[in-house]
Amino acid sequence: MGRARELVRIVVAEPSPREGGGKLGTVEALRRIGRGVRIEVVHDSAAAIELARSTADLVIVDRDLGAEGERVLAALRRSGPPVVIVTPEATADVALETFKSGAADCVTAGADYADVLPAVALEQIRAWRAKSARRAVHQRIRSLERLHATIVDHFPAALAVLDAEGRLVTVNPEFERAFLAGGAAEGRPLEGVLPADLLASADVPELLGRALSGGARSPRIAHARDGDRARAFDVRAEKLDAEGRILLVLADVTERERLAKNVRDLRGYMENIINTMYSGLVVVDEAGRVAVANPMAERILGEPRGSLKGRAVSDWFGPAADPGGCITRSLTEGARVRGAEGVVLRADGKSVPVAISSSPLVDADGTRLGAVVIFPDVSELVQLQSQVLHTEKMASLGRLAAGVAHEINNPMGFVHANLAQMEEYLGDVARLLDAARSGPECFASLAGELDAETLLADFGQAVRESQEGSERIRHIVQDLRAFAYRDDGEWVPADLNRCLDSTAHIVWTMMKHSVVLQKEYAALPPVRCHPKQLEQVFMNLLVNAYQAIEARAARDGGGTGLIVVGTATRDDGVVISVSDDGAGISPEHADRIFEPFFTTKEVGEGTGLGLSTSFEIVRRHGGTIRALPRAGGGTTFEVFLPQQGPDGRTAEP
Amino acid sequence: MSSNPPTLLLVDDEARILSALRRSLRREGWRVLTAGTPAEALRLLAEEPIDAVLSDHKMPGMSGLEVLEAAARLCPAAARILISGWPDEIPAERLEALGIRALVPKPWDDAELKRILREALADA
């Protein structure tokens with residue numbers, strides 16, 4: 001009994017020594033029990049009761065304590081450690097009275113007090129401890145039973161205990177609700193209770209047999225129809241005891257299965273879209289590595305199936321393919337960017353034009369996870385665009401043709417006439433030669449007749465003017481040829497004053513009779529551009545200006561017009577302006593002039609593509625074009641072009 | 001035909017055309033006047049006794065038809081001949097209405113042009 005927790009605690013309640021307590025030798029008698037006894041002596045009921053209720057095994061009450069002693073007895077009567085009364089003299093009445101008051105025993109302090117009291121105390125303590133232990137076990141059992149019942153009653157699945165023959169022994173409320181509809185459970189065979197389709201779907205007899213034989217337990221999903229509703233159950237069986245009782249668990253997982261199917265369907269739907277879309281799509285993580293890539297992405301990038309995952313997206317989308325850096329902007333700024341067209345340089349050496357756009361990928365909380373990058377292959381589009389540009393250029397050229405033909409026809413006219421004259425002059429010269437051979441008189445006579453001096457002068461003039469005429473034709477043809485050439489598609493730094501001037505020169509040939517052309521050029525830095533495309537823009541604007549002047553002249557019954565072509569630098573680019581004092585743009589047309597096929601001209605006079613084509617070309621140069629009413633009538637078209645081109649790289653000198 | 005040589009007015013905004021025509025017609029013995037603009041042509045028509053006018057059609061400010069219309073007013077007796085690179089574009093009824101004697105295509109055949117002018121001046 002040396003260990004602290006096995007200490008026996010005894011409370012002794014007796015009068016204080018001053019009032020004659022302790023004369024029975026109670027404490028001394030109890031000490032004989034041994035070392036493991038702790039004796040606490042108190043002199044009033046309150047202290048005794050408090051100690052007794054905490055951890056005491058036994059309370060000894062001296063009868064000389066009187067009413068205080070009775071209080072202790074009354075307090076501990078229902079629960080608490082046993083109380084033994086000690087008394088100096090015992091009569092049958094005293095003993096009876098003490099038992100009646102709930103004491104466990106009564107000991108008289110006689111000659112054998114020191115032997116009897118320890119024996120009585122030990123017996124009472126053993127009995128008390130045994131009783132306490134039993135009570136603790138019962139309490140534990142009761143609480144376990146309550147727990148068990150609570151679990152079974154509230155378990156969110158149907159539970160049934162079956163006997164070895166497959167008859168119901170007991171079921172939980174969920175089972176009753178789902179399968180019994182209020183009927184009795186006990187003794188009914190499972191086959192008569194569960195729906196046939198559920199039994200068959202889960203193969204319940206086989207499941208029970210497997211559970212009985214202790215085979216591998218694996219849950220299975222069974223399907224059953226409940227009216228119009230298809231239901232799904234997770235079915236498990238577990239052997240409970242040697243008698244072959246089985247616990248059957250049926251969890252309704254209809255909702256879970258439905259959600260899982262929804263997720264599968266949605267995933268399939270998304271994958272279907274992603275896998276069949278006619279654009280490359282990659283999802284990149286925050287570090288810029290490919291997380292997902294669709295088959296089109298692999299095809300455009302020329303990489304084998306499934307090889308993109310984990311690779312750095314910058315392997316393909318550098319400044320060439322992603323000129324606007326839109327992937328980086330989505331990843332770092334969360335920006336949604338429609339980038340410019342770029343060219344992917346593939347590992348196999350091919351290059352593919354793409355139009356890239358990028359959006360940030362965020363989860364439901366708005367946390368950035370990466371970016372979704374979409375890049376359609378625009379090869380066909382680029383081809384088509386170049387065809388449209390060429391067609392439009394040819395149409396513009398057609399408009400020019402009439403003016404140009406007139407320009408060619410005039411020199412043609414006098415060269416033609418001069419040639420006929422020269423043939424005549426040559427005949428005269430031959431005659432003069434013949435005359436010279438015949439003698440000086442003959443020659444002098446003929447020279448006088450033919451006015452040889454004038455003949456020589458006319459001959460010379462006819463030759464010189466024919467040369468000049470053919471030179472003029474050569475110039476016109478050269479200009480036209482330069483203009484008609486298809487663009488080679490290169491971005492090059494160009495002097496826009498020169499582009500504008502040469503274009504103005506060609507167009508002016510058709511309008512010089514009715515238009516004064518004024519040039520106001522500023523010194524310009526080289527601009528990175530497609531010069532041929534810009535020349536087409538300038539030509540469209542000049543032809544428009546000319547047509548506006550013609551329209552005004554027709555309205556006002558004649559008069560000449562003024563076209564001012566100008567250049568200037570502004571911010572980080574240049575401005576090219578073409579002003580006319582023509583008819584102007586009516587307000588109702590002002591916001592439509594850049595639309596494709598919008599025209600105010602008669603059928604056959606214009607394609608209606610001039611300004612929309614110009615708008616598109618300028619947009620692809622990263623610039624802007626706008627029409628402003630000119631002070632004093634007419635229109636000013638203003639084209640702004642960034643010096644570095646659309647993707648911000650500086651023009652090489 | 002008067003005793004003085006007949007007077008012919010050539011109108012074209014292209015100086016080299018006038019130059020070629022003048023050379024070509026030098027030996028015909030006519031008095032040849034030239035105008036580089038319609039305005040100059042109108043001035044000469046008002047001031048000079050002119051027997052025939054040969055005018056280009058497409059010119060700045062005023063067309064050849066308009067010049068010949070003015071000639072019909074200013075010098076009704078003068079024969080009126082139009083020369084044009086696009087003879088097909090000029091409506092026949094306008095030629096008729098203005099009493100235009102001939103429409104010469106440009107480029108022209110020198111011999112044919114001389115024949116037309118000789119006939120016109122002979123009739124004048």
# chains A, B, ... in the order shown; residues from 1 in each chain; ligands from 1
>>> residues_around(residues="Gly325 of chain A", least_positions_apart="3", cutoff="10 Å", atoms="only C-alpha atoms", output="PDB file with N, CA and C atoms, in the first residue's frame")
ATOM      1  N   PHE A 317       6.394  31.507 -76.902  1.00  0.00           N
ATOM      2  CA  PHE A 317       5.790  32.839 -76.940  1.00  0.00           C
ATOM      3  C   PHE A 317       6.760  33.889 -76.433  1.00  0.00           C
ATOM      4  N   GLY A 318       7.748  34.156 -77.247  1.00  0.00           N
ATOM      5  CA  GLY A 318       8.676  35.256 -76.979  1.00  0.00           C
ATOM      6  C   GLY A 318       8.126  36.511 -77.627  1.00  0.00           C
ATOM      7  N   PRO A 319       8.981  37.511 -77.820  1.00  0.00           N
ATOM      8  CA  PRO A 319       8.518  38.773 -78.409  1.00  0.00           C
ATOM      9  C   PRO A 319       7.972  38.602 -79.829  1.00  0.00           C
ATOM     10  N   ALA A 320       8.420  37.574 -80.554  1.00  0.00           N
ATOM     11  CA  ALA A 320       7.941  37.404 -81.934  1.00  0.00           C
ATOM     12  C   ALA A 320       6.498  36.929 -81.954  1.00  0.00           C
ATOM     13  N   ALA A 321       6.183  35.938 -81.100  1.00  0.00           N
ATOM     14  CA  ALA A 321       4.837  35.355 -81.125  1.00  0.00           C
ATOM     15  C   ALA A 321       3.870  36.155 -80.270  1.00  0.00           C
ATOM     16  N   ASP A 322       4.376  36.825 -79.246  1.00  0.00           N
ATOM     17  CA  ASP A 322       3.511  37.569 -78.327  1.00  0.00           C
ATOM     18  C   ASP A 322       4.050  38.990 -78.220  1.00  0.00           C
ATOM     19  N   THR A 328       2.588  37.611 -70.027  1.00  0.00           N
ATOM     20  CA  THR A 328       3.221  38.166 -68.841  1.00  0.00           C
ATOM     21  C   THR A 328       2.276  39.140 -68.141  1.00  0.00           C
ATOM     22  N   ARG A 329       1.551  39.932 -68.939  1.00  0.00           N
ATOM     23  CA  ARG A 329       0.650  40.910 -68.321  1.00  0.00           C
ATOM     24  C   ARG A 329      -0.491  40.224 -67.590  1.00  0.00           C
ATOM     25  N   SER A 330      -0.988  39.112 -68.152  1.00  0.00           N
ATOM     26  CA  SER A 330      -2.042  38.378 -67.450  1.00  0.00           C
ATOM     27  C   SER A 330      -1.510  37.784 -66.151  1.00  0.00           C
ATOM     28  N   VAL A 337      -5.947  40.503 -71.974  1.00  0.00           N
ATOM     29  CA  VAL A 337      -5.312  41.214 -73.085  1.00  0.00           C
ATOM     30  C   VAL A 337      -5.575  40.544 -74.414  1.00  0.00           C
ATOM     31  N   GLY A 339      -3.869  40.550 -77.695  1.00  0.00           N
ATOM     32  CA  GLY A 339      -2.579  41.010 -78.189  1.00  0.00           C
ATOM     33  C   GLY A 339      -2.581  41.197 -79.687  1.00  0.00           C
ATOM     34  N   ALA A 340      -1.464  41.641 -80.181  1.00  0.00           N
ATOM     35  CA  ALA A 340      -1.319  41.827 -81.621  1.00  0.00           C
ATOM     36  C   ALA A 340      -1.026  40.474 -82.269  1.00  0.00           C
ATOM     37  N   ILE A 356      -2.786  36.202 -80.610  1.00  0.00           N
ATOM     38  CA  ILE A 356      -2.774  35.696 -79.237  1.00  0.00           C
ATOM     39  C   ILE A 356      -3.616  36.580 -78.327  1.00  0.00           C
ATOM     40  N   SER A 357      -4.363  35.929 -77.427  1.00  0.00           N
ATOM     41  CA  SER A 357      -5.030  36.685 -76.372  1.00  0.00           C
ATOM     42  C   SER A 357      -4.911  35.890 -75.084  1.00  0.00           C
ATOM     43  N   SER A 358      -4.934  36.585 -73.972  1.00  0.00           N
ATOM     44  CA  SER A 358      -4.633  35.949 -72.702  1.00  0.00           C
ATOM     45  C   SER A 358      -5.517  36.517 -71.602  1.00  0.00           C
ATOM     46  N   ASP A 647       4.219  47.016 -82.041  1.00  0.00           N
ATOM     47  CA  ASP A 647       4.648  46.229 -80.886  1.00  0.00           C
ATOM     48  C   ASP A 647       5.764  46.892 -80.097  1.00  0.00           C
TER      49      ASP A 647
END
>>> interface_residues(of="chain A", to="chain B", cutoff="6 Å", atoms="only C-alpha atoms", output="PyMOL selection string")
chain A and resi 413-414+513-514
>>> write_last_selection(atoms="C-alpha atoms", output="short mmCIF file (atom, residue, chain, number, x, y, z; two decimals), in the first residue's frame")
data_model
loop_
_atom_site.label_atom_id
_atom_site.label_comp_id
_atom_site.auth_asym_id
_atom_site.auth_seq_id
_atom_site.Cartn_x
_atom_site.Cartn_y
_atom_site.Cartn_z
CA GLY A 413 -0.45 62.44 -129.15
CA PHE A 414 2.42 64.79 -129.88
CA HIS A 513 -6.35 70.28 -113.91
CA SER A 514 -8.66 71.06 -111.10
#
>>> residues_around(residues="segment 432-435 of chain A", least_positions_apart="6", cutoff="8 Å", atoms="only C-alpha atoms", output="ChimeraX atom specification")
/A:442-443,446-447
>>> residues_around(residues="segment 120-128 of chain A", least_positions_apart="5", cutoff="7 Å", atoms="only C-alpha atoms", output="list of chain:residue names")
A:Asp57, A:Leu58, A:Pro81, A:Pro82
>>> write_last_selection(atoms="N, CA and C atoms", output="mmCIF file, in the first residue's frame")
data_model
loop_
_atom_site.group_PDB
_atom_site.id
_atom_site.type_symbol
_atom_site.label_atom_id
_atom_site.label_comp_id
_atom_site.auth_asym_id
_atom_site.auth_seq_id
_atom_site.Cartn_x
_atom_site.Cartn_y
_atom_site.Cartn_z
ATOM 1 N N ASP A 57 -12.586 7.207 2.419
ATOM 2 C CA ASP A 57 -13.092 5.823 2.300
ATOM 3 C C ASP A 57 -14.001 5.464 3.477
ATOM 4 N N LEU A 58 -13.826 6.220 4.576
ATOM 5 C CA LEU A 58 -14.566 5.847 5.797
ATOM 6 C C LEU A 58 -14.645 7.059 6.713
ATOM 7 N N PRO A 81 -19.192 7.749 1.618
ATOM 8 C CA PRO A 81 -18.530 6.598 2.266
ATOM 9 C C PRO A 81 -19.300 6.140 3.522
ATOM 10 N N PRO A 82 -19.064 4.931 3.948
ATOM 11 C CA PRO A 82 -19.747 4.408 5.156
ATOM 12 C C PRO A 82 -19.354 5.190 6.415
#
>>> residues_around(residues="Leu381 of chain A", least_positions_apart="3", cutoff="12 Å", atoms="only C-alpha atoms", output="JSON, numbers by chain")
{"A": [341, 352, 353, 354, 355, 376, 377, 378, 384, 385, 386, 387, 388]}
>>> residues_around(residues="Pro49 of chain B", least_positions_apart="6", cutoff="12 Å", atoms="only C-alpha atoms", output="count of residues only")
18
>>> select_by_dssp(residues="segment 252-323 of chain A", states="alpha helix (DSSP H)", output="number ranges by chain")
A: 254-276, 295-301
>>> write_last_selection(atoms="C-alpha atoms", output="PDB file, in the first residue's frame")
ATOM      1  CA  THR A 254     -27.906   9.337 -55.000  1.00  0.00           C
ATOM      2  CA  GLU A 255     -26.932  12.989 -54.542  1.00  0.00           C
ATOM      3  CA  ARG A 256     -23.236  12.206 -54.335  1.00  0.00           C
ATOM      4  CA  GLU A 257     -23.435  10.082 -57.481  1.00  0.00           C
ATOM      5  CA  ARG A 258     -25.459  12.772 -59.227  1.00  0.00           C
ATOM      6  CA  LEU A 259     -22.872  15.428 -58.330  1.00  0.00           C
ATOM      7  CA  ALA A 260     -20.050  13.123 -59.359  1.00  0.00           C
ATOM      8  CA  LYS A 261     -21.790  12.521 -62.670  1.00  0.00           C
ATOM      9  CA  ASN A 262     -22.362  16.250 -63.111  1.00  0.00           C
ATOM     10  CA  VAL A 263     -18.672  16.846 -62.505  1.00  0.00           C
ATOM     11  CA  ARG A 264     -17.775  14.078 -64.978  1.00  0.00           C
ATOM     12  CA  ASP A 265     -20.240  15.449 -67.552  1.00  0.00           C
ATOM     13  CA  LEU A 266     -19.043  19.012 -67.102  1.00  0.00           C
ATOM     14  CA  ARG A 267     -15.457  17.902 -67.363  1.00  0.00           C
ATOM     15  CA  GLY A 268     -16.238  15.934 -70.507  1.00  0.00           C
ATOM     16  CA  TYR A 269     -18.116  18.906 -71.932  1.00  0.00           C
ATOM     17  CA  MET A 270     -15.243  21.278 -71.236  1.00  0.00           C
ATOM     18  CA  GLU A 271     -12.681  18.824 -72.558  1.00  0.00           C
ATOM     19  CA  ASN A 272     -14.751  18.345 -75.659  1.00  0.00           C
ATOM     20  CA  ILE A 273     -14.824  22.080 -76.300  1.00  0.00           C
ATOM     21  CA  ILE A 274     -11.152  22.537 -75.543  1.00  0.00           C
ATOM     22  CA  ASN A 275     -10.115  19.545 -77.617  1.00  0.00           C
ATOM     23  CA  THR A 276     -12.180  20.436 -80.663  1.00  0.00           C
ATOM     24  CA  PRO A 295      -4.480  19.199 -79.412  1.00  0.00           C
ATOM     25  CA  MET A 296      -4.701  22.324 -81.588  1.00  0.00           C
ATOM     26  CA  ALA A 297      -2.011  23.997 -79.445  1.00  0.00           C
ATOM     27  CA  GLU A 298       0.234  20.994 -80.031  1.00  0.00           C
ATOM     28  CA  ARG A 299      -0.482  21.118 -83.749  1.00  0.00           C
ATOM     29  CA  ILE A 300       0.177  24.845 -84.105  1.00  0.00           C
ATOM     30  CA  LEU A 301       3.339  24.641 -82.014  1.00  0.00           C
TER      31      LEU A 301
END
>>> residues_around(residues="segment 303-313 of chain A", least_positions_apart="3", cutoff="6 Å", atoms="only C-alpha atoms", output="number ranges by chain")
A: 288-291, 298
>>> select_by_dssp(residues="segment 25-267 of chain A", states="strand (DSSP E or B)", output="JSON, numbers by chain")
{"A": [37, 38, 39, 40, 41, 42, 58, 59, 60, 61, 62, 83, 84, 85, 86, 87, 105, 106, 107, 108, 158, 159, 160, 161, 162, 167, 168, 169, 170, 171, 189, 220, 221, 222, 223, 224, 225, 226, 229, 230, 231, 232, 233, 234, 235, 236, 237, 238, 239, 246, 247, 248, 249, 250, 251, 252]}
>>> atom_distance(atom1="atom CA of Leu96 of chain A", atom2="atom CA of Glu40 of chain A")
27.2 Å
>>> closest_residue(among="A:Glu465, A:Glu50, A:Glu186, A:Asp363", to="Thr170 of chain A", atoms="only C-alpha atoms")
A:Glu186
>>> atom_distance(atom1="atom CA of Glu638 of chain A", atom2="atom CA of Gly324 of chain A")
25.2 Å
>>> atom_distance(atom1="atom CA of Thr37 of chain B", atom2="atom CA of Glu69 of chain B")
15.2 Å
>>> closest_residue(among="A:Val27, A:Ile549, A:Ile476, A:Val527", to="Ile576 of chain A", atoms="only C-alpha atoms")
A:Val527
>>> closest_residue(among="B:Ala35, B:Ala70, B:Val11, B:Ala41", to="Ser55 of chain B", atoms="only C-alpha atoms")
B:Val11
